[in-house]
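Shown next: my_file_16.pdb, containing PDB, C-alpha atoms.
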```pdb
MODEL        1
ATOM      1  CA  MET A  75     -32.016   2.287  -6.242
ATOM      2  CA  VAL A  76     -28.296   2.254  -5.466
ATOM      3  CA  LYS A  77     -26.683   5.628  -4.893
ATOM      4  CA  ALA A  78     -22.967   6.250  -5.413
ATOM      5  CA  GLU A  79     -21.041   8.295  -2.858
ATOM      6  CA  LYS A  80     -18.228  10.527  -4.069
ATOM      7  CA  VAL A  81     -14.996   9.655  -2.269
ATOM      8  CA  SER A  82     -11.991  11.946  -1.978
ATOM      9  CA  GLN A  83      -8.560  10.840  -3.158
ATOM     10  CA  GLU A  84      -7.400  11.011   0.444
ATOM     11  CA  LYS A  85     -10.184   8.776   1.736
ATOM     12  CA  ALA A  86      -9.672   6.220  -1.029
ATOM     13  CA  MET A  87      -5.941   6.095  -0.289
ATOM     14  CA  TYR A  88      -6.236   6.166   3.493
ATOM     15  CA  PHE A  89      -8.802   3.392   3.660
ATOM     16  CA  TYR A  90      -6.783   1.343   1.210
ATOM     17  CA  PHE A  91      -9.344   0.718  -1.513
ATOM     18  CA  ASP A  92      -6.865  -1.000  -3.835
ATOM     19  CA  ALA A  93      -8.471  -4.187  -5.138
ATOM     20  CA  PRO A  94      -8.669  -3.711  -8.932
ATOM     21  CA  TRP A  95     -11.499  -6.201  -9.343
ATOM     22  CA  SER A  96     -13.814  -3.946  -7.361
ATOM     23  CA  LYS A  97     -13.530  -1.022  -9.760
ATOM     24  CA  ILE A  98     -14.773   0.127 -13.115
ATOM     25  CA  TYR A  99     -12.219   2.020 -15.182
ATOM     26  CA  ARG A 100     -12.540   4.087 -18.331
ATOM     27  CA  THR A 101     -10.162   2.541 -20.848
ATOM     28  CA  ASP A 102      -9.325   5.923 -22.381
ATOM     29  CA  PHE A 103      -8.364   7.233 -18.907
ATOM     30  CA  LEU A 104      -6.034   4.275 -18.313
ATOM     31  CA  ARG A 105      -4.392   4.719 -21.727
ATOM     32  CA  LYS A 106      -4.096   8.510 -21.448
ATOM     33  CA  ASN A 107      -2.389   8.208 -18.051
ATOM     34  CA  LYS A 108      -0.316   5.161 -19.057
ATOM     35  CA  LEU A 109      -1.708   3.137 -16.161
ATOM     36  CA  PHE A 110      -0.863  -0.543 -16.246
ATOM     37  CA  PHE A 111      -0.247  -3.432 -13.910
ATOM     38  CA  PRO A 112       3.508  -4.027 -13.526
ATOM     39  CA  ASP A 113       4.809  -7.574 -13.114
ATOM     40  CA  VAL A 114       5.434  -7.351  -9.368
ATOM     41  CA  TYR A 115       3.815  -8.775  -6.268
ATOM     42  CA  GLY A 116       1.360  -6.028  -5.258
ATOM     43  CA  GLU A 117       0.702  -4.777  -8.789
ATOM     44  CA  ASP A 118      -2.899  -4.007  -7.865
ATOM     45  CA  THR A 119      -1.765  -1.561  -5.170
ATOM     46  CA  THR A 120       0.716   0.294  -7.381
ATOM     47  CA  THR A 121      -1.770   0.712 -10.220
ATOM     48  CA  THR A 122      -4.766   1.642  -8.097
ATOM     49  CA  PHE A 123      -2.894   4.252  -6.059
ATOM     50  CA  ASP A 124      -1.426   5.747  -9.233
ATOM     51  CA  LEU A 125      -4.980   5.955 -10.571
ATOM     52  CA  TYR A 126      -6.226   7.696  -7.391
ATOM     53  CA  SER A 127      -3.501  10.315  -7.660
ATOM     54  CA  LYS A 128      -4.595  11.183 -11.197
ATOM     55  CA  THR A 129      -8.333  11.671 -10.728
ATOM     56  CA  ASP A 130     -10.814  13.134  -8.321
ATOM     57  CA  LYS A 131     -13.683  11.158  -9.852
ATOM     58  CA  ILE A 132     -13.831   8.329  -7.327
ATOM     59  CA  TYR A 133     -17.193   6.925  -6.312
ATOM     60  CA  MET A 134     -18.152   4.148  -3.956
ATOM     61  CA  LEU A 135     -21.253   1.998  -3.744
ATOM     62  CA  ASN A 136     -22.118   0.806  -0.268
ATOM     63  CA  LYS A 137     -23.506  -2.430  -1.606
ATOM     64  CA  PRO A 138     -21.786  -5.777  -2.118
ATOM     65  CA  LEU A 139     -21.574  -6.493  -5.824
ATOM     66  CA  TYR A 140     -18.765  -9.012  -5.804
ATOM     67  CA  ALA A 141     -18.600 -12.502  -4.355
ATOM     68  CA  TRP A 142     -15.095 -13.608  -3.434
ATOM     69  CA  TYR A 143     -14.356 -17.269  -3.900
ATOM     70  CA  TYR A 144     -11.697 -18.814  -1.684
ATOM     71  CA  ARG A 145      -9.382 -21.223  -3.485
ATOM     72  CA  ALA A 146      -6.730 -22.969  -1.430
ATOM     73  CA  ASN A 147      -4.368 -23.147  -4.414
ATOM     74  CA  SER A 148      -4.676 -19.491  -5.518
ATOM     75  CA  PHE A 149      -1.626 -17.216  -5.698
ATOM     76  CA  SER A 150      -2.896 -15.319  -2.654
ATOM     77  CA  ASN A 151      -2.819 -18.512  -0.624
ATOM     78  CA  SER A 152       0.391 -19.928  -2.009
ATOM     79  CA  ASN A 153       3.656 -20.251  -0.162
ATOM     80  CA  LEU A 154       6.062 -17.402  -0.608
ATOM     81  CA  SER A 155       7.923 -17.783  -3.861
ATOM     82  CA  LYS A 156      10.930 -16.355  -5.634
ATOM     83  CA  LYS A 157       8.603 -13.789  -7.219
ATOM     84  CA  HIS A 158       7.417 -12.578  -3.794
ATOM     85  CA  PHE A 159      10.970 -12.037  -2.554
ATOM     86  CA  GLU A 160      12.229 -10.431  -5.751
ATOM     87  CA  THR A 161       9.298  -8.125  -6.390
ATOM     88  CA  PHE A 162       8.024  -6.996  -2.969
ATOM     89  CA  PRO A 163      10.810  -4.387  -2.636
ATOM     90  CA  GLU A 164      10.189  -3.417  -6.287
ATOM     91  CA  MET A 165       6.539  -2.742  -5.488
ATOM     92  CA  LEU A 166       7.596  -0.448  -2.624
ATOM     93  CA  LYS A 167      10.054   1.337  -4.943
ATOM     94  CA  ILE A 168       7.283   1.908  -7.494
ATOM     95  CA  LEU A 169       5.078   3.391  -4.760
ATOM     96  CA  LYS A 170       7.968   5.608  -3.595
ATOM     97  CA  CYS A 171       8.515   6.825  -7.172
ATOM     98  CA  GLN A 172       4.790   7.512  -7.554
ATOM     99  CA  SER A 173       4.812   9.480  -4.294
ATOM    100  CA  GLU A 174       7.516  11.754  -5.689
ATOM    101  CA  LYS A 175       5.383  12.520  -8.770
ATOM    102  CA  CYS A 176       1.935  12.791  -7.180
ATOM    103  CA  PRO A 177       0.263  15.990  -5.945
ATOM    104  CA  ALA A 178       1.952  17.146  -2.717
ATOM    105  CA  HIS A 179      -1.173  16.701  -0.590
ATOM    106  CA  LEU A 180      -1.198  12.954  -1.394
ATOM    107  CA  LYS A 181       2.455  12.159  -0.620
ATOM    108  CA  MET A 182       1.765  11.339   3.027
ATOM    109  CA  TYR A 183      -0.730   8.667   1.964
ATOM    110  CA  TYR A 184       1.911   6.967  -0.154
ATOM    111  CA  ASP A 185       4.392   7.056   2.720
ATOM    112  CA  TYR A 186       1.769   5.617   5.033
ATOM    113  CA  LEU A 187       0.958   2.889   2.504
ATOM    114  CA  ILE A 188       4.622   1.919   2.142
ATOM    115  CA  LEU A 189       5.014   1.678   5.908
ATOM    116  CA  ARG A 190       1.787  -0.269   6.247
ATOM    117  CA  LYS A 191       2.706  -2.741   3.506
ATOM    118  CA  ALA A 192       6.096  -3.343   5.110
ATOM    119  CA  ASP A 193       4.573  -3.675   8.566
ATOM    120  CA  VAL A 194       2.144  -6.350   7.317
ATOM    121  CA  TYR A 195       4.344  -8.353   4.956
ATOM    122  CA  ILE A 196       7.786  -8.352   6.559
ATOM    123  CA  PRO A 197       6.694 -10.193   9.729
ATOM    124  CA  HIS A 198       4.926 -12.715   7.469
ATOM    125  CA  ILE A 199       8.058 -13.110   5.349
ATOM    126  CA  LYS A 200      10.230 -13.504   8.443
ATOM    127  CA  ARG A 201       7.972 -16.234   9.879
ATOM    128  CA  CYS A 202       7.805 -18.321   6.722
ATOM    129  CA  ASP A 203      10.119 -21.241   6.315
ATOM    130  CA  VAL A 204      11.648 -21.350   2.877
ATOM    131  CA  SER A 205      13.759 -23.806   0.974
ATOM    132  CA  GLU A 206      17.518 -23.446   1.084
ATOM    133  CA  ASP A 207      17.633 -21.908  -2.412
ATOM    134  CA  LEU A 208      15.294 -19.069  -1.330
ATOM    135  CA  LYS A 209      16.928 -18.158   1.986
ATOM    136  CA  SER A 210      19.312 -15.577   0.513
ATOM    137  CA  LEU A 211      16.456 -14.001  -1.492
ATOM    138  CA  LYS A 212      14.360 -13.799   1.672
ATOM    139  CA  ILE A 213      17.174 -12.000   3.530
ATOM    140  CA  LYS A 214      17.771  -9.664   0.588
ATOM    141  CA  CYS A 215      14.039  -8.840   0.417
ATOM    142  CA  ILE A 216      14.002  -7.887   4.106
ATOM    143  CA  GLN A 217      17.190  -5.803   3.750
ATOM    144  CA  GLU A 218      15.956  -3.966   0.642
ATOM    145  CA  THR A 219      12.642  -3.238   2.347
ATOM    146  CA  GLN A 220      14.529  -1.836   5.333
ATOM    147  CA  LYS A 221      16.485   0.526   3.039
ATOM    148  CA  ILE A 222      13.261   1.798   1.495
ATOM    149  CA  ILE A 223      11.737   2.393   4.926
ATOM    150  CA  ASP A 224      14.885   4.196   6.055
ATOM    151  CA  GLN A 225      14.493   6.581   3.107
ATOM    152  CA  LEU A 226      11.141   7.755   4.444
ATOM    153  CA  TYR A 227      12.350  10.735   6.444
ATOM    154  CA  ASP A 228       9.188  10.858   8.510
ATOM    155  CA  ASN A 229       6.044   8.846   8.979
ATOM    156  CA  LEU A 230       3.789  11.422   7.365
ATOM    157  CA  PHE A 231       0.759   9.320   8.205
ATOM    158  CA  TRP A 232       0.681  11.127  11.527
ATOM    159  CA  ASN A 233      -0.076  14.431   9.792
ATOM    160  CA  ILE A 234      -3.507  12.967   9.071
ATOM    161  CA  HIS A 235      -4.155  12.539  12.786
ATOM    162  CA  ILE A 236      -2.416  15.653  14.098
ATOM    163  CA  LYS A 237      -5.694  17.314  15.078
ATOM    164  CA  ASP A 238      -6.477  14.391  17.378
ATOM    165  CA  LEU A 239      -3.015  14.559  18.867
ATOM    166  CA  GLU A 240      -2.993  18.322  19.547
ATOM    167  CA  THR A 241      -4.704  17.662  22.860
ATOM    168  CA  ILE A 242      -2.059  15.176  23.979
ATOM    169  CA  SER A 243       0.931  16.563  25.864
ATOM    170  CA  ASN A 244       4.289  15.829  24.270
ATOM    171  CA  ALA A 245       2.579  14.974  20.972
ATOM    172  CA  GLU A 246       5.844  14.791  19.034
ATOM    173  CA  GLU A 247       7.301  12.275  21.461
ATOM    174  CA  LYS A 248       4.152  10.154  21.327
ATOM    175  CA  ILE A 249       4.170  10.276  17.518
ATOM    176  CA  ARG A 250       7.793   9.120  17.418
ATOM    177  CA  LEU A 251       7.061   6.249  19.825
ATOM    178  CA  TYR A 252       4.034   5.191  17.798
ATOM    179  CA  TYR A 253       6.088   5.344  14.612
ATOM    180  CA  GLU A 254       8.799   3.164  16.107
ATOM    181  CA  LYS A 255       6.178   0.719  17.331
ATOM    182  CA  SER A 256       4.678   0.523  13.835
ATOM    183  CA  LEU A 257       8.055  -0.656  12.584
ATOM    184  CA  SER A 258       8.410  -3.377  15.187
ATOM    185  CA  TRP A 259       9.415  -5.942  12.590
ATOM    186  CA  MET A 260      12.896  -4.396  12.224
TER
ENDMDL
END
```

Structure translated into structure tokens:
Amino acid sequence: MVKAEKVSQEKAMYFYFDAPWSKIYRTDFLRKNKLFFPDVYGEDTTTTFDLYSKTDKIYMLNKPLYAWYYRANSFSNSNLSKKHFETFPEMLKILKCQSEKCPAHLKMYYDYLILRKADVYIPHIKRCDVSEDLKSLKIKCIQETQKIIDQLYDNLFWNIHIKDLETISNAEEKIRLYYEKSLSWM
């Protein structure tokens, strides 16, 4: 018999459980909360995190129930496209907007997610060679992402770990250095 474990909103957001295909949703809940998948790169993240902020009924099964099939020509494995460059900053803006509307205790998880997404994707975007017609979009994507990151007044992710850091001397200085390191792509 498989037993479901109740998961807190914080744990679901912190551990980045965002793949929509690994979830079961109540249709009436999605409609009532006007949850949908926007037409941006990263739509699964924006929708799933919005869902987490609107319910405390999150359960996890510690059993594989999904087999992922690797396809070389899937969107996930495709070269960066115009859609990637145009919509990656839009996805971050949606997350930022959601963070301003979510319960206060969840805001730091949104900020952490935005920083994490940028820290993963921007180095990838910078490394990729693109055709001449996409070069200006690539630069604009990086610049817009930088503006969004600059709007985050603090890396609130560190509030999650503050108890661990209380034993470290000069904790604030170490937090700032870690934060700057996490944004090494700038």

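Distances here use all atoms listed in the file; by that measure, the residue among A:Ser210, A:Ala86, A:Asp185, A:Ala192 closest to Leu226 in chain A is A:Asp185.
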
On this file, the PyMOL selection byres ((chain A and resi 177) around 12) gives some set of residues; write that set as a compact mmCIF listing (two decimals) with C-alpha atoms, in the coordinates of the input.
```
# COMPACT_ATOMS: atom_id res chain seq x y z
CA GLN A 83 -8.56 10.84 -3.16
CA GLU A 84 -7.40 11.01 0.44
CA ASP A 124 -1.43 5.75 -9.23
CA TYR A 126 -6.23 7.70 -7.39
CA SER A 127 -3.50 10.32 -7.66
CA LYS A 128 -4.60 11.18 -11.20
CA THR A 129 -8.33 11.67 -10.73
CA ASP A 130 -10.81 13.13 -8.32
CA GLN A 172 4.79 7.51 -7.55
CA SER A 173 4.81 9.48 -4.29
CA GLU A 174 7.52 11.75 -5.69
CA LYS A 175 5.38 12.52 -8.77
CA CYS A 176 1.94 12.79 -7.18
CA ALA A 178 1.95 17.15 -2.72
CA HIS A 179 -1.17 16.70 -0.59
CA LEU A 180 -1.20 12.95 -1.39
CA LYS A 181 2.46 12.16 -0.62
CA MET A 182 1.76 11.34 3.03
CA TYR A 183 -0.73 8.67 1.96
CA TYR A 184 1.91 6.97 -0.15
```

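Applied to the shown file, the PyMOL selection byres ((chain A and resi 117) around 12) selects the residues Asp92, Ala93, Pro94, Leu109, Phe110, Phe111, Pro112, Asp113, Val114, Tyr115, Gly116, Asp118, Thr119, Thr120, Thr121, Thr122, Phe123, Asp124, His158, Thr161, Phe162, Pro163, Glu164, Met165, Leu166, Lys167, Ile168 and Leu169 of chain A.
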
Between A:Lys209, A:Lys214, A:Lys77, A:Arg201, which residue has the minimum interatomic distance to Leu135 in chain A, considering all atoms listed in the file? A:Lys77

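Distance-wise, CA of Tyr133 in chain A and CA of Met87 in chain A end up 12.8 Å apart.
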
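Ranking A:Lys106, A:Lys157, A:Lys137, A:Lys170 by their shortest atom-to-atom distance to Ile222 in chain A, with all atoms listed in the file included, puts A:Lys170 first.
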
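In terms of minimum interatomic distance to Asp193 in chain A, A:Ile223 ranks closest within A:Ile223, A:Cys171, A:Leu139, A:Leu211, counting all atoms listed in the file.
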
Would you mind completing range 128-149 of chain A to N, CA, C and O atoms and writing the output as a PDB file, in the coordinates of the input?
```pdb
ATOM      1  N   LYS A 128      -4.387  10.508  -9.921  1.00  0.00           N
ATOM      2  CA  LYS A 128      -4.595  11.183 -11.197  1.00  0.00           C
ATOM      3  C   LYS A 128      -6.044  11.566 -11.474  1.00  0.00           C
ATOM      4  O   LYS A 128      -6.356  12.065 -12.544  1.00  0.00           O
ATOM      5  N   THR A 129      -6.928  11.307 -10.519  1.00  0.00           N
ATOM      6  CA  THR A 129      -8.333  11.671 -10.728  1.00  0.00           C
ATOM      7  C   THR A 129      -8.996  12.033  -9.406  1.00  0.00           C
ATOM      8  O   THR A 129      -8.577  11.568  -8.356  1.00  0.00           O
ATOM      9  N   ASP A 130     -10.001  12.863  -9.515  1.00  0.00           N
ATOM     10  CA  ASP A 130     -10.814  13.134  -8.321  1.00  0.00           C
ATOM     11  C   ASP A 130     -12.228  12.574  -8.530  1.00  0.00           C
ATOM     12  O   ASP A 130     -13.138  12.854  -7.769  1.00  0.00           O
ATOM     13  N   LYS A 131     -12.390  11.771  -9.556  1.00  0.00           N
ATOM     14  CA  LYS A 131     -13.683  11.158  -9.852  1.00  0.00           C
ATOM     15  C   LYS A 131     -13.696   9.727  -9.320  1.00  0.00           C
ATOM     16  O   LYS A 131     -13.583   8.762 -10.065  1.00  0.00           O
ATOM     17  N   ILE A 132     -13.821   9.624  -8.002  1.00  0.00           N
ATOM     18  CA  ILE A 132     -13.831   8.329  -7.327  1.00  0.00           C
ATOM     19  C   ILE A 132     -15.172   8.203  -6.610  1.00  0.00           C
ATOM     20  O   ILE A 132     -15.529   9.061  -5.807  1.00  0.00           O
ATOM     21  N   TYR A 133     -15.885   7.148  -6.911  1.00  0.00           N
ATOM     22  CA  TYR A 133     -17.193   6.925  -6.312  1.00  0.00           C
ATOM     23  C   TYR A 133     -17.239   5.537  -5.694  1.00  0.00           C
ATOM     24  O   TYR A 133     -16.585   4.614  -6.166  1.00  0.00           O
ATOM     25  N   MET A 134     -18.033   5.410  -4.658  1.00  0.00           N
ATOM     26  CA  MET A 134     -18.152   4.148  -3.956  1.00  0.00           C
ATOM     27  C   MET A 134     -19.632   3.790  -3.801  1.00  0.00           C
ATOM     28  O   MET A 134     -20.453   4.655  -3.513  1.00  0.00           O
ATOM     29  N   LEU A 135     -19.916   2.525  -4.008  1.00  0.00           N
ATOM     30  CA  LEU A 135     -21.253   1.998  -3.744  1.00  0.00           C
ATOM     31  C   LEU A 135     -21.183   1.234  -2.429  1.00  0.00           C
ATOM     32  O   LEU A 135     -20.305   0.398  -2.248  1.00  0.00           O
ATOM     33  N   ASN A 136     -22.096   1.513  -1.546  1.00  0.00           N
ATOM     34  CA  ASN A 136     -22.118   0.806  -0.268  1.00  0.00           C
ATOM     35  C   ASN A 136     -23.036  -0.410  -0.384  1.00  0.00           C
ATOM     36  O   ASN A 136     -24.024  -0.544   0.326  1.00  0.00           O
ATOM     37  N   LYS A 137     -22.702  -1.238  -1.350  1.00  0.00           N
ATOM     38  CA  LYS A 137     -23.506  -2.430  -1.606  1.00  0.00           C
ATOM     39  C   LYS A 137     -22.582  -3.513  -2.146  1.00  0.00           C
ATOM     40  O   LYS A 137     -21.787  -3.253  -3.046  1.00  0.00           O
ATOM     41  N   PRO A 138     -22.647  -4.706  -1.596  1.00  0.00           N
ATOM     42  CA  PRO A 138     -21.786  -5.777  -2.118  1.00  0.00           C
ATOM     43  C   PRO A 138     -22.226  -6.186  -3.523  1.00  0.00           C
ATOM     44  O   PRO A 138     -23.391  -6.517  -3.745  1.00  0.00           O
ATOM     45  N   LEU A 139     -21.285  -6.123  -4.432  1.00  0.00           N
ATOM     46  CA  LEU A 139     -21.574  -6.493  -5.824  1.00  0.00           C
ATOM     47  C   LEU A 139     -20.615  -7.572  -6.317  1.00  0.00           C
ATOM     48  O   LEU A 139     -20.622  -7.919  -7.486  1.00  0.00           O
ATOM     49  N   TYR A 140     -19.794  -8.054  -5.424  1.00  0.00           N
ATOM     50  CA  TYR A 140     -18.765  -9.012  -5.804  1.00  0.00           C
ATOM     51  C   TYR A 140     -18.730 -10.129  -4.779  1.00  0.00           C
ATOM     52  O   TYR A 140     -18.736  -9.878  -3.580  1.00  0.00           O
ATOM     53  N   ALA A 141     -18.714 -11.351  -5.248  1.00  0.00           N
ATOM     54  CA  ALA A 141     -18.600 -12.502  -4.355  1.00  0.00           C
ATOM     55  C   ALA A 141     -17.198 -13.068  -4.502  1.00  0.00           C
ATOM     56  O   ALA A 141     -16.773 -13.425  -5.607  1.00  0.00           O
ATOM     57  N   TRP A 142     -16.464 -13.097  -3.416  1.00  0.00           N
ATOM     58  CA  TRP A 142     -15.095 -13.608  -3.434  1.00  0.00           C
ATOM     59  C   TRP A 142     -15.124 -15.094  -3.202  1.00  0.00           C
ATOM     60  O   TRP A 142     -15.787 -15.581  -2.286  1.00  0.00           O
ATOM     61  N   TYR A 143     -14.404 -15.827  -4.015  1.00  0.00           N
ATOM     62  CA  TYR A 143     -14.356 -17.269  -3.900  1.00  0.00           C
ATOM     63  C   TYR A 143     -12.983 -17.675  -3.384  1.00  0.00           C
ATOM     64  O   TYR A 143     -11.971 -17.351  -3.988  1.00  0.00           O
ATOM     65  N   TYR A 144     -12.943 -18.361  -2.278  1.00  0.00           N
ATOM     66  CA  TYR A 144     -11.697 -18.814  -1.684  1.00  0.00           C
ATOM     67  C   TYR A 144     -11.229 -20.080  -2.391  1.00  0.00           C
ATOM     68  O   TYR A 144     -11.967 -21.046  -2.500  1.00  0.00           O
ATOM     69  N   ARG A 145      -9.990 -20.036  -2.882  1.00  0.00           N
ATOM     70  CA  ARG A 145      -9.382 -21.223  -3.485  1.00  0.00           C
ATOM     71  C   ARG A 145      -8.073 -21.492  -2.751  1.00  0.00           C
ATOM     72  O   ARG A 145      -7.191 -20.631  -2.700  1.00  0.00           O
ATOM     73  N   ALA A 146      -7.926 -22.629  -2.203  1.00  0.00           N
ATOM     74  CA  ALA A 146      -6.730 -22.969  -1.430  1.00  0.00           C
ATOM     75  C   ALA A 146      -5.465 -22.899  -2.279  1.00  0.00           C
ATOM     76  O   ALA A 146      -4.391 -22.590  -1.768  1.00  0.00           O
ATOM     77  N   ASN A 147      -5.561 -23.134  -3.571  1.00  0.00           N
ATOM     78  CA  ASN A 147      -4.368 -23.147  -4.414  1.00  0.00           C
ATOM     79  C   ASN A 147      -4.177 -21.844  -5.198  1.00  0.00           C
ATOM     80  O   ASN A 147      -3.411 -21.804  -6.148  1.00  0.00           O
ATOM     81  N   SER A 148      -4.842 -20.764  -4.811  1.00  0.00           N
ATOM     82  CA  SER A 148      -4.676 -19.491  -5.518  1.00  0.00           C
ATOM     83  C   SER A 148      -3.324 -18.857  -5.163  1.00  0.00           C
ATOM     84  O   SER A 148      -2.686 -19.229  -4.177  1.00  0.00           O
ATOM     85  N   PHE A 149      -2.893 -17.904  -5.958  1.00  0.00           N
ATOM     86  CA  PHE A 149      -1.626 -17.216  -5.698  1.00  0.00           C
ATOM     87  C   PHE A 149      -1.646 -16.549  -4.327  1.00  0.00           C
ATOM     88  O   PHE A 149      -0.658 -16.573  -3.607  1.00  0.00           O
TER      89      PHE A 149
END
```
